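start_25.cif (mmCIF, C-alpha atoms) appears below.
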data_query
loop_
_atom_site.label_atom_id
_atom_site.label_comp_id
_atom_site.auth_asym_id
_atom_site.auth_seq_id
_atom_site.Cartn_x
_atom_site.Cartn_y
_atom_site.Cartn_z
CA MET A 3 1.26 -43.65 -47.47
CA TRP A 4 -1.06 -45.26 -50.10
CA CYS A 5 -4.64 -44.03 -50.25
CA ALA A 6 -7.54 -44.30 -52.52
CA ARG A 7 -7.67 -41.48 -55.07
CA SER A 8 -11.05 -40.37 -53.74
CA GLN A 9 -9.70 -40.14 -50.13
CA CYS A 10 -6.42 -38.26 -50.69
CA PRO A 11 -7.92 -34.89 -51.61
CA THR A 12 -10.04 -35.02 -48.47
CA LEU A 13 -7.04 -35.75 -46.26
CA THR A 14 -4.97 -33.06 -47.95
CA ALA A 15 -7.74 -30.49 -47.58
CA SER A 16 -8.19 -31.41 -43.91
CA SER A 17 -4.47 -31.01 -43.26
CA ALA A 18 -4.44 -27.65 -44.98
CA ALA A 19 -7.44 -26.50 -43.00
CA LEU A 20 -5.81 -27.60 -39.73
CA LEU A 21 -2.62 -25.78 -40.65
CA LEU A 22 -4.58 -22.60 -41.34
CA VAL A 23 -6.30 -22.88 -37.97
CA VAL A 24 -2.95 -23.29 -36.19
CA LEU A 25 -1.42 -20.35 -38.05
CA PHE A 26 -4.46 -18.18 -37.37
CA THR A 27 -4.39 -19.05 -33.66
CA GLN A 28 -0.68 -18.28 -33.39
CA ALA A 29 -1.17 -14.98 -35.19
CA ALA A 30 -4.03 -14.05 -32.87
CA MET A 31 -1.97 -14.89 -29.77
CA ALA A 32 0.92 -12.83 -31.10
CA ALA A 33 -1.45 -9.93 -31.75
CA ASP A 34 -2.78 -10.19 -28.18
CA ARG A 35 0.75 -10.09 -26.80
CA ILE A 36 1.56 -7.04 -28.90
CA ALA A 37 -1.66 -5.33 -27.75
CA VAL A 38 -0.87 -5.99 -24.07
CA THR A 39 2.64 -4.63 -24.54
CA ALA A 40 1.30 -1.58 -26.33
CA GLU A 41 -1.19 -0.87 -23.53
CA ARG A 42 1.42 -1.09 -20.78
CA PRO A 43 3.39 2.17 -20.39
CA ASP A 44 7.15 2.04 -20.13
CA LEU A 45 8.56 2.07 -16.62
CA ALA A 46 9.61 5.73 -16.66
CA THR A 47 6.12 6.81 -17.72
CA LEU A 48 4.53 4.55 -15.12
CA ILE A 49 6.68 6.03 -12.33
CA LYS A 50 5.69 9.56 -13.36
CA GLN A 51 2.00 8.60 -13.45
CA ILE A 52 2.20 7.10 -9.95
CA ALA A 53 3.92 10.20 -8.55
CA GLN A 54 1.51 12.58 -10.33
CA THR A 55 -1.50 10.68 -9.02
CA GLN A 56 -0.23 11.04 -5.44
CA LEU A 57 0.17 14.80 -5.92
CA GLU A 58 -3.35 15.04 -7.36
CA ASN A 59 -4.68 13.10 -4.38
CA ARG A 60 -3.37 15.81 -2.09
CA THR A 61 -5.27 18.51 -3.97
CA ARG A 62 -8.52 16.55 -3.61
CA THR A 63 -8.15 15.83 0.10
CA LYS A 64 -10.78 17.57 2.22
CA ALA A 65 -11.08 18.08 5.93
CA TYR A 66 -12.30 14.89 7.57
CA SER A 67 -12.55 12.98 10.81
CA VAL A 68 -12.12 9.20 10.92
CA THR A 69 -12.86 6.75 13.71
CA ARG A 70 -10.26 3.99 13.68
CA ASP A 71 -10.18 0.67 15.51
CA TYR A 72 -6.77 -0.70 16.55
CA LYS A 73 -6.00 -4.17 17.91
CA VAL A 74 -2.72 -5.44 19.31
CA PHE A 75 -2.23 -9.23 19.45
CA GLY A 76 0.42 -11.20 21.31
CA THR A 77 0.74 -14.98 21.43
CA ASP A 78 -3.03 -15.47 21.17
CA ALA A 79 -3.92 -14.58 17.59
CA ASN A 80 -7.65 -14.66 18.34
CA ARG A 81 -7.75 -12.47 21.41
CA PRO A 82 -6.26 -8.96 21.31
CA ARG A 83 -4.11 -7.88 24.24
CA THR A 84 -5.15 -4.28 23.66
CA GLU A 85 -7.94 -2.59 21.74
CA VAL A 86 -8.03 1.14 21.09
CA VAL A 87 -10.58 3.32 19.33
CA ALA A 88 -9.12 6.61 18.15
CA LYS A 89 -10.56 9.61 16.36
CA VAL A 90 -8.20 11.18 13.83
CA ASN A 91 -8.81 14.67 12.43
CA PHE A 92 -7.25 16.03 9.25
CA PHE A 93 -7.20 19.66 8.17
CA PRO A 94 -5.71 20.52 4.73
CA PRO A 95 -3.06 20.82 3.69
CA ASN A 96 -0.90 19.12 6.33
CA VAL A 97 -2.33 19.14 9.87
CA LYS A 98 -3.50 16.08 11.80
CA SER A 99 -4.51 15.54 15.39
CA TYR A 100 -6.05 12.66 17.30
CA ASP A 101 -7.89 11.68 20.45
CA ILE A 102 -8.19 8.29 22.14
CA ASP A 103 -11.91 7.63 22.61
CA GLN A 104 -11.69 4.13 24.13
CA SER A 105 -8.82 1.96 25.32
CA THR A 106 -8.15 -1.18 27.34
CA GLY A 107 -4.87 0.44 28.42
CA GLY A 108 -1.48 -1.10 29.01
CA MET A 109 1.53 -1.25 26.71
CA GLY A 110 -0.73 -1.58 23.68
CA GLU A 111 -2.14 1.89 24.12
CA LYS A 112 1.39 3.30 24.26
CA VAL A 113 2.15 1.53 20.97
CA ILE A 114 -0.96 2.97 19.32
CA ARG A 115 -0.13 6.47 20.52
CA HIS A 116 3.32 6.12 18.91
CA ILE A 117 1.69 5.00 15.66
CA LEU A 118 -0.61 8.00 15.66
CA ASP A 119 2.26 10.34 16.53
CA HIS A 120 4.14 9.08 13.45
CA GLU A 121 1.07 9.60 11.29
CA VAL A 122 0.80 13.19 12.48
CA ASP A 123 4.48 13.74 11.68
CA ALA A 124 4.25 12.14 8.22
CA THR A 125 1.40 14.49 7.34
CA ARG A 126 3.67 17.48 7.98
CA ASP A 127 6.09 16.45 5.22
CA PRO A 128 4.37 13.95 2.89
CA ARG A 129 6.99 14.32 0.12
CA SER A 130 9.58 12.60 2.32
CA ILE A 131 7.62 9.31 2.12
CA MET A 132 6.09 9.65 -1.35
CA VAL A 133 6.52 6.73 -3.73
CA ASN A 134 8.53 8.56 -6.40
CA GLU A 135 11.90 8.44 -8.12
CA GLN A 136 13.45 10.79 -5.56
CA ASN A 137 12.91 8.23 -2.81
CA TYR A 138 12.85 4.89 -4.66
CA SER A 139 14.18 2.75 -7.49
CA PHE A 140 11.52 0.78 -9.37
CA ASP A 141 11.28 -2.60 -11.09
CA LEU A 142 8.19 -3.69 -13.01
CA LEU A 143 7.43 -7.27 -11.99
CA GLY A 144 4.38 -7.79 -14.19
CA ASP A 145 0.60 -7.76 -13.84
CA ASP A 146 -1.76 -8.95 -11.13
CA VAL A 147 -5.41 -8.73 -10.11
CA LEU A 148 -6.24 -7.51 -6.60
CA ASN A 149 -9.84 -7.53 -5.39
CA GLY A 150 -10.98 -7.71 -9.00
CA GLN A 151 -8.84 -4.76 -10.07
CA PRO A 152 -6.17 -5.27 -12.80
CA CYS A 153 -2.92 -3.93 -11.36
CA TYR A 154 0.69 -3.31 -12.24
CA LEU A 155 2.99 -5.12 -9.84
CA LEU A 156 6.19 -3.27 -8.96
CA LYS A 157 9.12 -3.68 -6.63
CA ILE A 158 10.35 -0.52 -4.91
CA THR A 159 13.80 -0.18 -3.34
CA PRO A 160 14.68 2.84 -1.18
CA LYS A 161 17.45 5.10 -2.43
CA HIS A 162 18.14 6.19 1.13
CA GLU A 163 18.59 4.03 4.21
CA ARG A 164 15.88 5.63 6.30
CA LYS A 165 13.40 4.19 8.76
CA ASP A 166 10.49 5.86 6.99
CA LEU A 167 11.09 4.19 3.60
CA LEU A 168 10.09 0.64 2.70
CA LYS A 169 11.55 -2.21 0.67
CA ALA A 170 8.23 -3.31 -0.73
CA THR A 171 5.96 -4.68 -3.42
CA LEU A 172 3.45 -2.25 -4.86
CA TRP A 173 0.05 -2.88 -6.48
CA VAL A 174 -1.00 0.01 -8.74
CA ASP A 175 -4.43 0.21 -10.40
CA LYS A 176 -3.99 0.06 -14.19
CA VAL A 177 -6.70 2.62 -14.91
CA SER A 178 -6.31 5.22 -12.15
CA TYR A 179 -2.61 4.65 -11.24
CA GLN A 180 -3.66 4.69 -7.58
CA ILE A 181 -1.62 2.64 -5.12
CA VAL A 182 -4.08 0.05 -3.80
CA ARG A 183 -1.70 -2.05 -1.71
CA LEU A 184 1.85 -1.80 -0.38
CA GLU A 185 3.60 -4.69 1.36
CA GLY A 186 7.14 -4.73 2.68
CA ASP A 187 9.71 -3.97 5.37
CA PRO A 188 11.43 -0.77 6.57
CA ALA A 189 14.71 -0.01 4.82
CA LYS A 190 16.38 0.37 8.21
CA SER A 191 15.54 -1.14 11.56
CA PRO A 192 14.07 1.61 13.71
CA SER A 193 15.43 0.25 16.96
CA PHE A 194 17.90 -2.22 18.46
CA TRP A 195 14.93 -3.86 20.18
CA VAL A 196 13.15 -4.63 16.92
CA LYS A 197 14.46 -7.60 14.93
CA ASP A 198 12.14 -7.05 11.97
CA VAL A 199 8.74 -5.71 11.03
CA HIS A 200 6.49 -6.46 8.08
CA LEU A 201 3.77 -4.07 6.91
CA VAL A 202 0.73 -4.41 4.67
CA LEU A 203 -1.03 -1.13 3.86
CA GLU A 204 -4.38 -1.05 2.06
CA PHE A 205 -5.81 2.01 0.25
CA ALA A 206 -9.27 2.88 -1.02
CA GLU A 207 -11.46 5.77 -2.12
CA VAL A 208 -13.38 7.58 0.61
CA ALA A 209 -15.68 10.47 -0.36
CA GLY A 210 -13.62 11.24 -3.46
CA MET A 211 -10.32 11.01 -1.58
CA TRP A 212 -7.71 8.23 -1.81
CA LEU A 213 -6.76 7.21 1.73
CA GLN A 214 -4.98 4.48 3.63
CA THR A 215 -7.86 2.54 5.19
CA GLU A 216 -6.27 -0.59 6.69
CA THR A 217 -2.96 -1.55 8.26
CA HIS A 218 -1.64 -5.00 9.10
CA ALA A 219 1.75 -5.29 10.76
CA MET A 220 3.87 -8.04 12.26
CA ALA A 221 6.82 -7.11 14.46
CA ARG A 222 9.37 -9.35 16.15
CA LEU A 223 11.23 -7.99 19.16
CA ARG A 224 14.61 -9.20 20.36
CA PHE A 225 13.35 -9.98 23.84
CA GLY A 226 9.60 -9.43 23.67
CA GLY A 227 8.32 -11.98 21.19
CA GLU A 228 6.04 -11.34 18.25
CA TYR A 229 3.24 -8.80 17.99
CA LYS A 230 0.55 -8.30 15.39
CA ILE A 231 -1.20 -4.96 14.98
CA THR A 232 -4.22 -4.21 12.83
CA SER A 233 -6.18 -1.05 12.19
CA HIS A 234 -9.45 -0.51 10.35
CA ASP A 235 -11.24 2.73 9.53
CA VAL A 236 -14.81 2.24 10.71
CA ASP A 237 -16.48 5.64 10.20
CA TYR A 238 -15.78 8.90 8.36
CA ASP A 239 -17.13 12.41 8.79
CA VAL A 240 -16.15 14.59 5.84
CA VAL A 241 -16.81 18.28 6.44
CA ARG A 242 -16.15 21.62 4.75
CA SER A 243 -14.03 22.80 7.62
CA LEU A 244 -12.75 21.05 10.70
CA ALA A 245 -11.67 22.93 13.80
CA VAL A 246 -8.13 21.91 14.64
CA ASN A 247 -5.97 23.81 17.08
CA THR A 248 -2.66 23.61 15.22
CA SER A 249 -0.73 25.15 18.09
CA SER A 250 -1.64 22.17 20.27
CA VAL A 251 -0.11 19.62 17.89
CA ALA A 252 3.24 18.69 19.38
CA PRO A 253 6.24 18.07 17.08
CA HIS A 254 7.29 14.46 16.53
CA SER A 255 10.37 12.91 15.02
CA ARG A 256 9.25 9.78 13.18
CA ASN A 257 7.18 8.91 10.12
CA GLN A 258 4.20 6.60 9.63
CA SER A 259 5.80 3.95 7.43
CA ALA A 260 8.06 2.99 10.35
CA MET A 261 5.13 3.20 12.73
CA VAL A 262 4.97 -0.25 14.29
CA ALA A 263 8.68 -0.93 14.34
CA ALA A 264 9.52 2.35 16.03
CA SER A 265 6.77 1.84 18.56
CA MET A 266 7.99 -1.52 19.85
CA ARG A 267 10.56 -0.23 22.29
#
Kindly return the structure encoded in the file as structure tokens.
Amino acid sequence: MWCARSQCPTLTASSAALLLVVLFTQAAMAADRIAVTAERPDLATLIKQIAQTQLENRTRTKAYSVTRDYKVFGTDANRPRTEVVAKVNFFPPNVKSYDIDQSTGGMGEKVIRHILDHEVDATRDPRSIMVNEQNYSFDLLGDDVLNGQPCYLLKITPKHERKDLLKATLWVDKVSYQIVRLEGDPAKSPSFWVKDVHLVLEFAEVAGMWLQTETHAMARLRFGGEYKITSHDVDYDVVRSLAVNTSSVAPHSRNQSAMVAASMR
């Protein structure tokens, strides 16, 4: 293209400057990608960190008592069919007990008692439901942000077809390697009467301990319709020692991660 001699140097300089800007931007983006990759641990290291963090959580767990509010919903999503307030006591290293403080009764209370029975049982042998390479295969899906926290997003697949293991998505805090959310379905249906069940478990720090603080579950029965169950921890009492009569804790046969599904029978 023809141009005046006085204009061509200006155009050429502008083009060169633009090219430098583009190259610099691309280099910066590439550097950012490399930095992100460098910060993210490889999958094997990430799995070990997650498992180690769970073990460390157990060493920090103190005796505590928690008041928990349960609601069971049927066809009316706004009005619970049953509401139960339970008090759960934990005594390290692996003893739990509970009492029902308030209840509207009915089938819903029976369901909640089953849930709490499974929680007591899971506490007896926590390694059987730990998120580790003995129980699960892992896939790193990428990154996410949950409640303002940067997280690793992983898919976990049970290595054993057991009712107490979950096919799930896992949110893991990038800094602490704590599991902050787990969402999925039991690896095996716990009962002929249960068509499917979907669980969302939320975790948070309480008095220096990392605990499951909320549960949301949806279960579909073959002949009983659909039920939604929620639980929220509403009050904690953390003490140096908590009197628990271990001889009065009856043995149970199921684990917490199958809690809702196994209860709908």
Matched chain/residue IDs from the PyMOL selection byres ((chain A and resi 57-69) around 7), as an mmCIF file with C-alpha atoms, in the coordinates of the input:
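And here's expr_32.cif as it stands now:
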data_model
loop_
_atom_site.group_PDB
_atom_site.id
_atom_site.type_symbol
_atom_site.label_atom_id
_atom_site.label_comp_id
_atom_site.auth_asym_id
_atom_site.auth_seq_id
_atom_site.Cartn_x
_atom_site.Cartn_y
_atom_site.Cartn_z
ATOM 1 C CA ALA A 53 3.920 10.200 -8.550
ATOM 2 C CA GLN A 54 1.510 12.580 -10.330
ATOM 3 C CA THR A 55 -1.500 10.680 -9.020
ATOM 4 C CA GLN A 56 -0.230 11.040 -5.440
ATOM 5 C CA ARG A 70 -10.260 3.990 13.680
ATOM 6 C CA ASP A 71 -10.180 0.670 15.510
ATOM 7 C CA VAL A 87 -10.580 3.320 19.330
ATOM 8 C CA ALA A 88 -9.120 6.610 18.150
ATOM 9 C CA LYS A 89 -10.560 9.610 16.360
ATOM 10 C CA VAL A 90 -8.200 11.180 13.830
ATOM 11 C CA ASN A 91 -8.810 14.670 12.430
ATOM 12 C CA PHE A 92 -7.250 16.030 9.250
ATOM 13 C CA PHE A 93 -7.200 19.660 8.170
ATOM 14 C CA PRO A 94 -5.710 20.520 4.730
ATOM 15 C CA MET A 211 -10.320 11.010 -1.580
ATOM 16 C CA TRP A 212 -7.710 8.230 -1.810
ATOM 17 C CA ASP A 235 -11.240 2.730 9.530
ATOM 18 C CA VAL A 236 -14.810 2.240 10.710
ATOM 19 C CA ASP A 237 -16.480 5.640 10.200
ATOM 20 C CA TYR A 238 -15.780 8.900 8.360
ATOM 21 C CA ASP A 239 -17.130 12.410 8.790
ATOM 22 C CA VAL A 240 -16.150 14.590 5.840
ATOM 23 C CA VAL A 241 -16.810 18.280 6.440
ATOM 24 C CA ARG A 242 -16.150 21.620 4.750
ATOM 25 C CA SER A 243 -14.030 22.800 7.620
ATOM 26 C CA LEU A 244 -12.750 21.050 10.700
#
| field | For atom CA of Asn134 of chain A and atom CA of Thr159 of chain A, the interatomic separation in Å (one decimal) | value | 10.7 Å
| said: Here's the selection I'm unsure about, the PyMOL selection byres ((chain A and resi 122) around 8); applied to the file above, which residues does it give, as a list in words? | reply: Val97, Lys98, Ser99, Leu118, Asp119, His120, Glu121, Asp123, Ala124, Thr125, Arg126, His254 and Gln258 of chain A
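Proximity of A:Val74, A:Ala79, A:Ile52, A:Pro128 to Asn96 of chain A, computed with all atoms listed in the file, is greatest for A:Pro128.
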| request: Decode the PyMOL selection byres ((chain A and resi 145) around 10) for the given file into explicit residues and return them as a PyMOL selection string. | output: chain A and resi 42+142-144+146-148+152-156+173-174+176
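In this structure, atom CA of Thr77 of chain A sits 23.2 Å away from atom CA of Pro188 of chain A.
Interatomic distance, atom CA of Leu201 of chain A to atom CA of Arg83 of chain A: 19.4 Å.
Near segment 214-221 of chain A, within 7 Å and counting all atoms listed in the file, sit Asp198, Val199, His200, Leu201, Val202, Leu203, Glu204, Phe205, Ala206, Glu228, Tyr229, Lys230, Ile231, Thr232, Ser233, His234, Asp235, Val262 and Ala263 of chain A; same-chain residues fewer than 4 positions away were not included.
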| remark: Using all atoms listed in the file, the residue out of A:Gln151, A:Asp101, A:Gly227, A:Gly107 with shortest distance to Val177 of chain A is A:Gln151
